[in-house]
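upload-v9.cif (mmCIF, C-alpha atoms and all ligand atoms) appears below.
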data_start
loop_
_atom_site.label_atom_id
_atom_site.label_comp_id
_atom_site.auth_asym_id
_atom_site.auth_seq_id
_atom_site.Cartn_x
_atom_site.Cartn_y
_atom_site.Cartn_z
CA MET A 1384 0.00 0.00 0.00
CA ALA A 1385 1.14 3.56 -0.71
CA THR A 1386 3.01 5.60 1.89
CA ILE A 1387 1.65 9.09 2.50
CA LEU A 1388 3.55 11.92 4.15
CA VAL A 1389 1.24 14.13 6.20
CA SER A 1390 2.78 17.49 7.10
CA GLY A 1391 0.78 19.07 9.93
CA GLY A 1392 -0.48 15.59 10.79
CA THR A 1393 -0.37 16.31 14.53
CA GLY A 1394 -2.98 19.08 14.17
CA PHE A 1395 -6.76 18.99 14.49
CA ILE A 1396 -7.51 18.14 10.84
CA GLY A 1397 -4.34 16.09 10.38
CA ARG A 1398 -5.28 13.61 13.10
CA HIS A 1399 -8.60 12.85 11.40
CA ILE A 1400 -6.91 12.41 8.03
CA ILE A 1401 -4.31 10.07 9.52
CA ARG A 1402 -6.95 7.93 11.22
CA LEU A 1403 -8.82 7.55 7.94
CA LEU A 1404 -5.64 6.79 5.98
CA CYS A 1405 -4.81 4.03 8.45
CA GLN A 1406 -8.31 2.57 8.32
CA LEU A 1407 -7.91 2.28 4.55
CA GLY A 1408 -4.54 0.55 4.90
CA TYR A 1409 -2.20 3.37 3.82
CA ARG A 1410 1.18 3.66 5.49
CA VAL A 1411 1.50 7.07 7.14
CA ARG A 1412 4.60 9.16 7.79
CA VAL A 1413 4.15 12.25 9.94
CA ALA A 1414 6.52 15.19 10.22
CA SER A 1415 6.38 17.32 13.36
CA ARG A 1416 8.59 19.79 15.18
CA ASN A 1417 7.57 18.35 18.51
CA PRO A 1418 8.41 14.74 19.50
CA ASN A 1419 5.83 14.87 22.33
CA LYS A 1420 3.03 15.13 19.80
CA GLU A 1421 3.58 11.56 18.66
CA ARG A 1422 1.16 10.47 21.41
CA PHE A 1423 -1.71 12.27 19.57
CA ILE A 1424 -1.47 9.78 16.73
CA LYS A 1425 -0.16 6.69 18.47
CA GLY A 1426 -1.36 3.53 16.80
CA PHE A 1427 -2.14 5.31 13.53
CA CYS A 1428 1.22 6.56 12.39
CA HIS A 1429 3.88 4.20 11.07
CA GLU A 1430 6.75 6.65 11.09
CA PHE A 1431 7.16 9.87 13.06
CA LEU A 1432 9.94 12.21 11.96
CA THR A 1433 10.91 15.13 14.15
CA GLY A 1434 12.15 18.33 12.57
CA ASP A 1435 11.14 21.58 10.96
CA LEU A 1436 9.90 21.54 7.36
CA SER A 1437 11.06 25.11 6.90
CA ASP A 1438 14.47 23.41 6.75
CA LEU A 1439 14.82 22.05 3.18
CA SER A 1440 17.08 19.17 4.19
CA PHE A 1441 14.44 17.91 6.64
CA ALA A 1442 11.75 18.28 3.95
CA ARG A 1443 13.95 16.19 1.59
CA LYS A 1444 14.32 13.49 4.24
CA CYS A 1445 10.56 13.42 4.84
CA CYS A 1446 9.77 13.09 1.12
CA SER A 1447 12.14 10.25 0.42
CA GLY A 1448 10.49 6.89 -0.28
CA ILE A 1449 6.91 8.09 -0.18
CA ASP A 1450 4.11 8.04 -2.78
CA ALA A 1451 2.15 11.20 -2.01
CA VAL A 1452 2.17 14.32 0.15
CA ILE A 1453 -0.75 15.73 2.10
CA HIS A 1454 0.44 19.18 3.03
CA LEU A 1455 -1.59 20.69 5.87
CA ILE A 1456 0.76 22.98 7.76
CA GLY A 1457 -0.69 26.38 8.52
CA ILE A 1458 -1.15 28.92 11.30
CA LEU A 1459 -3.89 31.40 12.16
CA VAL A 1460 -1.82 33.56 14.49
CA GLU A 1461 1.78 34.60 13.87
CA GLN A 1462 4.10 33.99 16.83
CA GLY A 1463 7.73 35.08 16.91
CA GLN A 1464 9.60 33.52 13.99
CA ASP A 1465 6.51 31.61 12.85
CA THR A 1466 5.21 34.19 10.41
CA PHE A 1467 2.59 33.55 7.72
CA LYS A 1468 5.29 34.02 5.11
CA LYS A 1469 7.51 31.38 6.64
CA VAL A 1470 4.83 28.81 7.51
CA HIS A 1471 2.56 29.17 4.46
CA VAL A 1472 5.00 30.20 1.74
CA GLN A 1473 8.49 28.96 2.68
CA VAL A 1474 7.34 25.58 3.98
CA THR A 1475 5.17 24.98 0.88
CA LYS A 1476 8.08 25.94 -1.37
CA ASN A 1477 10.28 23.40 0.45
CA MET A 1478 7.62 20.69 0.22
CA ILE A 1479 7.23 21.22 -3.53
CA GLN A 1480 10.97 21.14 -4.13
CA ALA A 1481 11.52 18.10 -1.89
CA SER A 1482 8.64 16.26 -3.60
CA LYS A 1483 10.07 16.95 -7.06
CA GLU A 1484 13.59 15.92 -6.09
CA ASN A 1485 12.25 12.62 -4.71
CA GLY A 1486 10.04 11.92 -7.73
CA VAL A 1487 6.85 12.27 -5.68
CA SER A 1488 4.26 13.70 -8.02
CA ARG A 1489 1.00 13.48 -6.05
CA PHE A 1490 0.57 16.58 -3.87
CA ILE A 1491 -2.62 17.41 -1.99
CA HIS A 1492 -2.56 20.89 -0.58
CA MET A 1493 -4.58 22.47 2.24
CA SER A 1494 -5.58 26.04 1.57
CA SER A 1495 -8.55 27.99 2.92
CA LEU A 1496 -11.81 29.43 1.62
CA GLY A 1497 -11.45 33.15 0.97
CA THR A 1498 -7.94 32.71 -0.43
CA ARG A 1499 -7.70 34.84 -3.55
CA PRO A 1500 -5.49 37.42 -5.23
CA ASN A 1501 -5.56 40.72 -3.31
CA ALA A 1502 -7.21 39.15 -0.25
CA LYS A 1503 -7.44 41.54 2.69
CA SER A 1504 -5.93 39.36 5.41
CA ARG A 1505 -2.29 38.31 5.35
CA TYR A 1506 -3.42 34.78 6.22
CA HIS A 1507 -5.33 34.60 2.94
CA GLN A 1508 -2.68 36.50 0.96
CA THR A 1509 0.05 34.03 1.95
CA LYS A 1510 -2.25 31.06 1.42
CA TRP A 1511 -2.84 32.42 -2.10
CA THR A 1512 0.90 32.70 -2.78
CA ALA A 1513 1.26 29.07 -1.63
CA GLU A 1514 -1.64 27.96 -3.86
CA GLU A 1515 -0.04 29.64 -6.86
CA MET A 1516 3.26 27.89 -6.19
CA VAL A 1517 1.45 24.56 -6.06
CA ARG A 1518 -0.46 25.33 -9.31
CA ASN A 1519 2.74 26.23 -11.10
CA SER A 1520 4.68 23.26 -9.78
CA GLU A 1521 4.07 20.64 -12.49
CA LEU A 1522 3.10 18.20 -9.73
CA ASP A 1523 -0.18 16.27 -9.81
CA TRP A 1524 -1.77 18.64 -7.35
CA THR A 1525 -5.21 19.02 -5.82
CA ILE A 1526 -6.04 22.03 -3.65
CA PHE A 1527 -8.77 22.14 -1.01
CA GLN A 1528 -10.23 25.34 0.38
CA PRO A 1529 -12.38 24.60 3.44
CA SER A 1530 -14.55 27.12 5.23
CA VAL A 1531 -14.24 26.94 9.00
CA VAL A 1532 -13.81 23.30 10.09
CA PHE A 1533 -15.66 21.96 13.15
CA GLY A 1534 -15.36 18.77 15.19
CA ILE A 1535 -14.17 17.63 18.60
CA GLY A 1536 -10.97 19.54 19.34
CA ASP A 1537 -11.54 22.36 16.85
CA ASP A 1538 -10.08 25.77 17.59
CA PHE A 1539 -13.06 27.80 16.33
CA THR A 1540 -15.70 26.54 18.78
CA LYS A 1541 -13.17 26.37 21.61
CA ARG A 1542 -12.15 30.03 21.12
CA LEU A 1543 -15.78 31.21 21.12
CA TYR A 1544 -16.86 29.00 24.02
CA LYS A 1545 -13.94 29.98 26.24
CA MET A 1546 -14.84 33.63 25.82
CA PHE A 1547 -18.17 33.06 27.54
CA PHE A 1548 -16.60 32.19 30.89
CA ILE A 1549 -15.84 34.48 33.75
CA LYS A 1550 -12.20 33.35 33.88
CA ASN A 1551 -11.53 34.65 30.38
CA ASN A 1552 -14.14 37.36 30.28
CA PRO A 1553 -14.67 38.69 33.84
CA LEU A 1554 -17.49 41.05 32.86
CA LEU A 1555 -19.21 38.41 30.72
CA LEU A 1556 -19.56 40.94 27.93
CA PHE A 1557 -19.38 39.63 24.38
CA PRO A 1558 -19.01 42.16 21.57
CA LEU A 1559 -20.68 41.33 18.27
CA ILE A 1560 -18.34 43.23 15.99
CA GLU A 1561 -20.37 44.85 13.20
CA GLY A 1562 -23.27 42.71 14.45
CA ALA A 1563 -21.32 39.49 13.65
CA LYS A 1564 -23.42 39.24 10.53
CA SER A 1565 -20.86 37.80 8.11
CA LYS A 1566 -21.81 34.37 6.80
CA LEU A 1567 -19.97 31.08 7.34
CA GLN A 1568 -20.54 27.59 6.02
CA PRO A 1569 -18.81 25.31 8.54
CA ILE A 1570 -17.75 21.86 7.40
CA PHE A 1571 -17.33 18.76 9.56
CA VAL A 1572 -13.73 17.60 9.98
CA GLU A 1573 -14.59 14.02 8.96
CA ASN A 1574 -15.93 15.33 5.64
CA VAL A 1575 -12.69 17.23 5.08
CA ALA A 1576 -10.68 14.08 5.87
CA GLU A 1577 -12.79 12.03 3.43
CA ALA A 1578 -12.17 14.54 0.63
CA PHE A 1579 -8.38 14.52 1.17
CA VAL A 1580 -8.07 10.75 1.41
CA ARG A 1581 -10.42 9.94 -1.48
CA ALA A 1582 -8.57 12.41 -3.68
CA ILE A 1583 -5.25 10.53 -3.40
CA PRO A 1584 -5.78 7.96 -6.18
CA ASN A 1585 -8.41 9.90 -8.14
CA GLN A 1586 -6.84 11.28 -11.33
CA LYS A 1587 -9.97 13.28 -12.14
CA THR A 1588 -9.07 15.53 -9.21
CA PHE A 1589 -5.58 16.36 -10.51
CA HIS A 1590 -5.04 20.09 -11.18
CA LYS A 1591 -8.30 21.07 -9.55
CA THR A 1592 -9.19 23.40 -6.67
CA TYR A 1593 -12.17 22.45 -4.53
CA PRO A 1594 -13.97 24.68 -2.03
CA LEU A 1595 -15.20 22.58 0.91
CA THR A 1596 -18.29 23.88 2.69
CA GLY A 1597 -20.92 22.35 4.94
CA PRO A 1598 -24.67 21.88 4.44
CA GLU A 1599 -25.80 25.07 6.26
CA ILE A 1600 -24.99 28.75 6.11
CA PHE A 1601 -24.95 30.62 9.43
CA SER A 1602 -24.06 34.14 10.41
CA LEU A 1603 -21.36 34.28 13.07
CA LYS A 1604 -24.00 35.64 15.45
CA GLU A 1605 -26.21 32.61 14.78
CA ILE A 1606 -23.31 30.29 15.62
CA ILE A 1607 -22.63 32.19 18.85
CA LEU A 1608 -26.31 31.88 19.83
CA LEU A 1609 -26.33 28.17 18.95
CA ILE A 1610 -23.39 27.62 21.30
CA MET A 1611 -25.05 29.68 24.08
CA GLU A 1612 -28.29 27.76 23.76
CA GLU A 1613 -26.66 24.35 23.53
CA ALA A 1614 -24.55 25.17 26.62
CA HIS A 1615 -27.65 26.53 28.47
CA LEU A 1616 -26.02 29.90 29.06
CA ALA A 1617 -28.45 32.76 29.71
CA TYR A 1618 -27.81 35.78 27.53
CA LYS A 1619 -29.23 39.10 26.49
CA ILE A 1620 -28.57 40.95 23.23
CA GLU A 1621 -28.31 44.72 23.41
CA ALA A 1622 -28.44 47.01 20.42
CA PHE A 1623 -27.45 49.90 22.72
CA PRO A 1624 -25.04 48.47 25.31
CA PHE A 1625 -26.74 49.93 28.42
CA HIS A 1626 -26.10 46.98 30.73
CA ALA A 1627 -22.66 46.42 29.27
CA LEU A 1628 -21.68 50.01 30.09
CA LEU A 1629 -23.32 49.89 33.53
CA ARG A 1630 -21.50 46.68 34.40
CA THR A 1631 -18.17 48.10 33.24
CA ALA A 1632 -18.71 51.40 35.09
CA LEU A 1633 -19.62 49.68 38.40
CA VAL A 1634 -16.64 47.36 38.26
CA LEU A 1635 -14.33 50.28 37.49
CA LEU A 1636 -15.84 52.35 40.31
CA ASN A 1637 -15.84 49.65 42.98
CA PHE A 1638 -12.57 47.96 42.25
CA ILE A 1639 -10.38 50.77 40.98
CA ILE A 1640 -11.68 54.32 41.38
CA TYR A 1641 -13.24 54.11 44.87
CA PRO A 1642 -10.40 52.14 46.50
CA PHE A 1643 -7.94 54.64 45.05
CA LEU A 1644 -9.96 57.63 46.27
CA GLY A 1645 -10.54 55.85 49.59
CA PHE A 1646 -6.86 55.56 50.34
CA LYS A 1647 -6.41 59.17 49.38
CA ALA A 1648 -9.31 60.21 51.65
CA ILE A 1649 -7.84 58.24 54.59
CA GLY A 1650 -4.55 60.06 54.09
CA GLN A 1651 -6.36 63.41 54.16
CA ASN A 1652 -8.61 62.55 57.15
CA SER A 1653 -11.69 63.05 55.00
CA ASN A 1654 -15.24 62.89 56.39
CA GLY A 1655 -17.64 59.93 56.03
CA GLU A 1656 -19.59 61.06 52.91
CA PHE A 1657 -17.19 59.32 50.62
CA TRP A 1658 -17.62 55.99 52.42
CA ALA A 1659 -21.42 56.31 52.28
CA ILE A 1660 -21.28 56.69 48.49
CA TYR A 1661 -18.86 53.76 48.26
CA PHE A 1662 -21.21 51.64 50.36
CA VAL A 1663 -24.25 52.49 48.19
CA SER A 1664 -22.28 51.81 45.03
CA TRP A 1665 -21.30 48.36 46.35
CA LEU A 1666 -24.92 47.58 47.29
CA PHE A 1667 -25.95 48.51 43.77
CA PHE A 1668 -23.16 46.39 42.34
CA LEU A 1669 -24.08 43.35 44.47
CA GLN A 1670 -27.72 43.75 43.48
CA LEU A 1671 -26.68 43.78 39.83
CA LEU A 1672 -24.46 40.72 40.38
CA LYS A 1673 -27.33 38.81 41.95
CA LYS A 1674 -29.86 39.73 39.32
CA ASP A 1675 -28.00 40.19 36.14
CA MET A 1676 -24.42 38.98 36.25
CA LYS A 1677 -25.25 35.40 35.34
CA ARG A 1678 -26.50 36.63 32.01
CA ARG A 1679 -23.94 37.07 29.27
CA ILE A 1680 -24.46 40.37 27.49
CA LEU A 1681 -23.97 40.40 23.75
CA PHE A 1682 -23.73 43.88 22.35
CA HIS A 1683 -23.17 45.38 18.94
CA LEU A 1684 -19.77 47.01 18.52
CA PRO A 1685 -18.64 49.02 15.49
CA VAL A 1686 -15.37 47.83 13.99
CA SER A 1687 -13.83 51.29 14.48
CA ILE A 1688 -14.16 50.88 18.27
CA ALA A 1689 -13.08 47.23 18.29
CA THR A 1690 -9.88 47.80 16.28
CA PRO A 1691 -7.82 49.66 18.95
CA PHE A 1692 -8.80 47.08 21.62
CA ILE A 1693 -7.68 44.25 19.34
CA GLY A 1694 -4.41 46.12 18.75
CA ILE A 1695 -3.82 46.26 22.52
CA THR A 1696 -4.59 42.54 23.13
CA GLU A 1697 -2.41 41.59 20.16
CA LYS A 1698 0.47 43.57 21.60
CA TRP A 1699 0.23 42.25 25.14
CA MET A 1700 -1.17 38.72 24.92
CA LYS A 1701 0.76 35.69 23.66
CA ASN A 1702 -2.35 34.03 22.29
CA PRO A 1703 -4.90 36.84 21.81
CA PRO A 1704 -8.55 35.80 21.37
CA LEU A 1705 -8.76 37.87 18.21
CA THR A 1706 -6.08 39.39 15.98
CA HIS A 1707 -6.36 42.14 13.40
CA ASP A 1708 -5.91 39.55 10.66
CA MET A 1709 -8.70 37.37 12.07
CA LEU A 1710 -10.92 40.45 12.29
CA LEU A 1711 -10.43 41.14 8.57
CA MET A 1712 -11.50 37.56 7.81
CA MET A 1713 -14.36 37.73 10.28
CA LEU A 1714 -15.85 40.70 8.46
CA GLU A 1715 -16.03 38.76 5.18
CA ASP A 1716 -18.55 36.11 4.15
CA ASN A 1717 -16.93 32.68 3.93
CA ILE A 1718 -19.34 30.63 1.84
CA ALA A 1719 -19.14 28.75 -1.45
CA ASP A 1720 -20.79 26.08 -3.55
CA SER A 1721 -19.08 22.77 -2.83
CA SER A 1722 -21.38 20.56 -4.91
CA GLU A 1723 -18.47 19.51 -7.16
CA ALA A 1724 -16.51 18.18 -4.17
CA VAL A 1725 -19.62 16.59 -2.67
CA SER A 1726 -20.27 14.55 -5.81
CA GLU A 1727 -16.62 13.82 -6.68
CA PHE A 1728 -15.77 12.55 -3.17
CA ASP A 1729 -19.23 11.20 -2.33
CA LEU A 1730 -19.44 13.33 0.82
CA LYS A 1731 -22.42 12.96 3.17
CA LEU A 1732 -22.22 16.39 4.73
CA VAL A 1733 -22.77 16.54 8.49
CA SER A 1734 -24.51 19.46 10.14
CA LEU A 1735 -22.91 21.62 12.85
CA LYS A 1736 -26.07 21.34 14.92
CA LYS A 1737 -25.69 17.57 15.06
CA VAL A 1738 -22.10 17.59 16.32
CA LEU A 1739 -22.15 20.70 18.53
CA PRO A 1740 -23.38 18.91 21.72
CA ASP A 1741 -20.42 16.48 21.52
CA ILE A 1742 -17.95 19.29 20.85
CA LEU A 1743 -19.18 21.29 23.85
CA GLU A 1744 -19.20 18.23 26.09
CA SER A 1745 -15.59 17.50 25.14
CA LEU A 1746 -14.62 21.03 26.23
CA HIS A 1747 -15.57 20.28 29.84
CA TYR A 1748 -12.79 17.73 30.19
N1 LIG B 1801 -9.27 24.56 11.28
C1 LIG B 1801 -9.93 25.25 10.38
O1 LIG B 1801 -11.07 25.71 10.59
C2 LIG B 1801 -9.32 25.48 9.01
C3 LIG B 1801 -10.10 26.04 7.99
C4 LIG B 1801 -9.52 26.23 6.74
C5 LIG B 1801 -8.20 25.88 6.53
N2 LIG B 1801 -7.48 25.35 7.55
C6 LIG B 1801 -6.07 24.98 7.30
O2 LIG B 1801 -5.90 23.61 7.60
C7 LIG B 1801 -4.59 23.37 8.08
C8 LIG B 1801 -4.64 22.58 9.36
O3 LIG B 1801 -5.46 23.26 10.28
P1 LIG B 1801 -5.66 22.72 11.77
O4 LIG B 1801 -6.87 23.38 12.29
O5 LIG B 1801 -5.56 21.25 11.79
O6 LIG B 1801 -4.38 23.37 12.47
P2 LIG B 1801 -3.64 22.98 13.82
O7 LIG B 1801 -4.44 22.05 14.66
O8 LIG B 1801 -3.19 24.26 14.43
O9 LIG B 1801 -2.35 22.20 13.31
C9 LIG B 1801 -1.38 22.88 12.60
C10 LIG B 1801 -0.27 21.93 12.22
O10 LIG B 1801 0.74 22.69 11.56
C11 LIG B 1801 1.99 22.42 12.13
N3 LIG B 1801 2.73 23.70 12.28
C12 LIG B 1801 2.33 24.82 12.88
N4 LIG B 1801 3.28 25.76 12.81
C13 LIG B 1801 4.31 25.21 12.15
C14 LIG B 1801 5.57 25.69 11.75
N5 LIG B 1801 5.98 26.91 12.05
N6 LIG B 1801 6.39 24.86 11.08
C15 LIG B 1801 6.01 23.61 10.81
N7 LIG B 1801 4.81 23.10 11.18
C16 LIG B 1801 3.97 23.89 11.81
C17 LIG B 1801 1.77 21.80 13.50
O11 LIG B 1801 2.72 20.75 13.58
P3 LIG B 1801 3.77 20.54 14.77
O12 LIG B 1801 3.46 21.51 15.87
O13 LIG B 1801 3.55 19.12 15.19
O14 LIG B 1801 5.11 20.76 14.14
C18 LIG B 1801 0.36 21.24 13.40
O15 LIG B 1801 0.40 19.87 13.12
C19 LIG B 1801 -3.92 24.74 8.18
O16 LIG B 1801 -3.17 24.95 7.02
C20 LIG B 1801 -5.09 25.71 8.20
O17 LIG B 1801 -4.74 26.96 7.68
C21 LIG B 1801 -7.99 25.14 8.79
#
Could you spell out this file's structure in structure tokens?
Ligand SMILES: NC(=O)c1ccc[n+]([C@@H]2O[C@H](COP(=O)([O-])OP(=O)(O)OC[C@H]3O[C@@H](n4cnc5c(N)ncnc54)[C@H](OP(=O)(O)O)[C@@H]3O)[C@@H](O)[C@H]2O)c1
Amino acid sequence: MATILVSGGTGFIGRHIIRLLCQLGYRVRVASRNPNKERFIKGFCHEFLTGDLSDLSFARKCCSGIDAVIHLIGILVEQGQDTFKKVHVQVTKNMIQASKENGVSRFIHMSSLGTRPNAKSRYHQTKWTAEEMVRNSELDWTIFQPSVVFGIGDDFTKRLYKMFFIKNNPLLLFPLIEGAKSKLQPIFVENVAEAFVRAIPNQKTFHKTYPLTGPEIFSLKEIILLIMEEAHLAYKIEAFPFHALLRTALVLLNFIIYPFLGFKAIGQNSNGEFWAIYFVSWLFFLQLLKKDMKRRILFHLPVSIATPFIGITEKWMKNPPLTHDMLLMMLEDNIADSSEAVSEFDLKLVSLKKVLPDILESLHY
């Protein structure tokens, strides 16, 4: 049976592809920078090579003696030396060269829906450069462009869900940037895996680019509400963020402004009026906590106000919940007709609503 190299095989989508490859009897070689990640695919992977595919000599080693490449490596957030240019463009360039040098002609490439010339986000721009290199490579390539991919362990649902909890979002305020009205067509990870694996021997899929989208179109806001409802989290949507502002003001007053003024007043032997106001403010705050704080507040936020906040989190947090690049993508619709892929790969598309309870349950462990 053929041996397939899966780059990015330790990731969320990679693990599903590897499992399917093994079920069908393929031999699987996985390349990863991190030896500890071998445990994610134990029992499914025949060969685990540790190294960095941005190093051409390691890419050459990985491509020797194999029959096809499934190239999945990609990042959503740049961190240190791991820039979009390096991970999407340089690594793809190495994989193409190493495949050619080793006489491996079958190359299945992971891109992303929304990738196009002159895309707004750098994620999509660099994915487009990588696609173009694959198209011009003279390999027997197939490119897949999925919309957002869901399944147990996905990053998309996890990011959203985590934001609803007091630990990550102490005020339980959830901004719907520009109303979160852009449209998405999420696809189930097993369907993505089926498309990749069934494409391997299928010559009709050579030199073709396939969008991969799920059976339903949702706005981002609809997905957020689905998660809230499925997780039984009480919420309130505000067009004008009255409660959001009140909550923020009371927390600022009680935890920062009053304590600061209090210490100042003590130093100046001030009279008791200040403490009376502080006391009333706390009563009001506790009342609000009791009545309202359990409810998440979703409020509309114009992009012009969101942008500076995102800039600050991006600067100070190692793994910010939202980056400027993600925001650009979030403001665009991410939908497409995938009927060609559905019929070519005989996909039985699975709905997000069906899998969401399992995804949320898995997040509790
Ligand atoms: N998830 C989605 O919704 C979605 C949608 C459309 C397209 N995609 C694309 O699908 C691919 C896989 O996505 P995923 O969700 O499975 O991602 P993931 O779970 O984050 O996995 C990413 C993989 O890439 C590898 N990687 C990351 N940075 C690397 C670097 N600097 N050098 C070499 N390898 C690196 C990691 O391998 P090691 O850490 O083991 O080295 C990991 O196996 C990506 O190209 C992504 O852009 C994903």
Which residues of chain A come within 7 Å of ligand LIG 1801 (chain B), and for each one, what is the closest pair of atoms and their distance in Å to one decimal, counting all atoms listed in the file, sorted by chain and residue number, as a tab-separated table?
residue	atom	partner	partner_atom	distance
A:Ser1390	CA	B:LIG1801	O15	6.9
A:Gly1391	CA	B:LIG1801	O15	3.3
A:Gly1392	CA	B:LIG1801	O15	5.0
A:Thr1393	CA	B:LIG1801	O15	3.9
A:Gly1394	CA	B:LIG1801	O9	3.3
A:Phe1395	CA	B:LIG1801	O5	3.7
A:Ile1396	CA	B:LIG1801	O5	3.8
A:Gly1397	CA	B:LIG1801	O5	5.5
A:Ala1414	CA	B:LIG1801	O14	7.0
A:Ser1415	CA	B:LIG1801	O14	3.7
A:Arg1416	CA	B:LIG1801	O14	3.8
A:Asn1417	CA	B:LIG1801	O13	5.3
A:Lys1420	CA	B:LIG1801	O13	6.1
A:Asp1435	CA	B:LIG1801	C15	5.5
A:Leu1436	CA	B:LIG1801	C15	5.6
A:Ser1437	CA	B:LIG1801	N6	6.3
A:Leu1455	CA	B:LIG1801	C7	4.6
A:Ile1456	CA	B:LIG1801	O10	3.8
A:Gly1457	CA	B:LIG1801	O16	3.2
A:Ile1458	CA	B:LIG1801	O17	5.5
A:Leu1459	CA	B:LIG1801	O17	6.4
A:Asp1465	CA	B:LIG1801	N5	4.8
A:Val1470	CA	B:LIG1801	N5	5.1
A:Met1493	CA	B:LIG1801	O16	5.6
A:Ser1494	CA	B:LIG1801	C5	5.6
A:Ser1495	CA	B:LIG1801	C5	4.2
A:Leu1496	CA	B:LIG1801	C4	6.5
A:Gln1528	CA	B:LIG1801	C4	6.5
A:Pro1529	CA	B:LIG1801	C4	4.7
A:Ser1530	CA	B:LIG1801	C4	5.3
A:Val1531	CA	B:LIG1801	O1	3.8
A:Val1532	CA	B:LIG1801	O1	3.7
A:Phe1533	CA	B:LIG1801	O1	6.5
A:Asp1537	CA	B:LIG1801	N1	6.4
A:Asp1538	CA	B:LIG1801	N1	6.5
A:Phe1539	CA	B:LIG1801	O1	6.4
query: Rounded to one decimal in Å, what is the spacing between atom CA of Ile1560 of chain A and atom CA of Leu1684 of chain A?
result: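 That distance, rounded to one decimal, is 4.8 Å.
Atom to atom, atom CA of Ile1526 of chain A and atom CA of His1492 of chain A stand 4.8 Å apart.
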task: Can you pull out every residue within 10 Å of Thr1690 of chain A, counting all atoms listed in the file, but drop anything in the same chain fewer than 3 positions away, and send it as a PyMOL selection string?
output: chain A and resi 1560+1685-1687+1693-1695+1706-1707+1710
Keeping only C-alpha atoms, write those residues as a PDB file, in the frame of the given file.
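For reference, again_19.pdb as written:
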ATOM      1  CA  ILE A1560     -18.340  43.230  15.990  1.00  0.00           C
ATOM      2  CA  PRO A1685     -18.640  49.020  15.490  1.00  0.00           C
ATOM      3  CA  VAL A1686     -15.370  47.830  13.990  1.00  0.00           C
ATOM      4  CA  SER A1687     -13.830  51.290  14.480  1.00  0.00           C
ATOM      5  CA  ILE A1693      -7.680  44.250  19.340  1.00  0.00           C
ATOM      6  CA  GLY A1694      -4.410  46.120  18.750  1.00  0.00           C
ATOM      7  CA  ILE A1695      -3.820  46.260  22.520  1.00  0.00           C
ATOM      8  CA  THR A1706      -6.080  39.390  15.980  1.00  0.00           C
ATOM      9  CA  HIS A1707      -6.360  42.140  13.400  1.00  0.00           C
ATOM     10  CA  LEU A1710     -10.920  40.450  12.290  1.00  0.00           C
TER      11      LEU A1710
END
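Residue nearest Ser1602 of chain A, chosen from A:Ile1718, A:Ile1639, A:Leu1388, A:Leu1616 and counting only C-alpha atoms: A:Ile1718.
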query: Do you know which residues are at most 10 Å from Ala1719 of chain A counting all atoms listed in the file, after dropping those on the same chain fewer than 3 positions away, and could you put them as a list in words?
result: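 Near Ala1719 of chain A, the qualifying residues are Leu1496, Gly1497, Gln1528, Pro1529, Ser1530, Leu1567, Gln1568, Tyr1593, Pro1594, Leu1595, Thr1596, Gly1597, Ile1600, Asp1716 and Ser1722 of chain A.
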query: Do you have the atom CA of Asp1741 of chain A-atom CA of Leu1711 of chain A distance handy?
result: 29.6 Å
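Nearest-residue note for Gly1408 of chain A: choosing from A:Ile1424, A:Ile1387, A:Ser1488, A:Ala1627, the minimum distance belongs to A:Ile1387, counting all atoms listed in the file.
Closest approach to Ala1563 of chain A from the set A:Leu1714, A:Ile1479, A:Leu1666, A:Leu1671 is made by A:Leu1714, with distances taken over all atoms listed in the file.
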message: Please determine, counting only C-alpha atoms, which residue among A:Met1516, A:Leu1730, A:Ala1576, A:Leu1556 has the shortest atom-to-atom distance to Val1389 of chain A.
response: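 Among the listed residues, A:Ala1576 lies closest to Val1389 of chain A.
Residue nearest Val1733 of chain A within the list A:Phe1571, A:Tyr1409, A:Tyr1641, A:Phe1548: A:Phe1571 [criterion: smallest interatomic distance, only C-alpha atoms].
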message: For a quick check of understanding, using all atoms listed in the file, which of A:Val1460, A:Ala1385, A:Cys1428, A:Ile1491 has the smallest distance to Asn1702 of chain A?
response: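 Looking at the shortest contact to Asn1702 of chain A, the residue is A:Val1460.
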task: Around the point (-19.5, 49.2, 33.6), in the coordinates given by the file, pick out the residues reaching within 12 Å, counting all atoms listed in the file, and return them as a list in words.
output: Pro1553, Leu1554, Leu1555, Leu1556, Pro1624, Phe1625, His1626, Ala1627, Leu1628, Leu1629, Arg1630, Thr1631, Ala1632, Leu1633, Val1634, Leu1635, Leu1636, Asn1637, Phe1638, Ile1639, Phe1668, Leu1671, Leu1672, Met1676 and Ile1680 of chain A
task: Can you pull out every residue within 7 Å of Lys1619 of chain A, counting only C-alpha atoms, but drop anything in the same chain fewer than 4 positions away, and send it as a ChimeraX atom specification?
output: /A:1678-1681
Nearby residues (all atoms listed in the file) at most 12 Å from Met1384 of chain A, same-chain spacing under 5 positions excluded, as a list in words: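 Near Met1384 of chain A, the qualifying residues are Leu1404, Cys1405, Leu1407, Gly1408, Tyr1409, Arg1410, Val1411, Ile1449, Asp1450, Ala1451 and Pro1584 of chain A.
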task: Fewer than 4 positions away in the same chain doesn't count, so skip those; otherwise give me all residues within 10 Å of Ile1535 of chain A, counting all atoms listed in the file, as a list of chain:residue names.
output: A:Phe1395, A:Thr1540, A:Lys1541, A:Phe1571, A:Val1572, A:Val1738, A:Leu1739, A:Pro1740, A:Asp1741, A:Ile1742, A:Leu1743, A:Glu1744, A:Ser1745, A:Leu1746
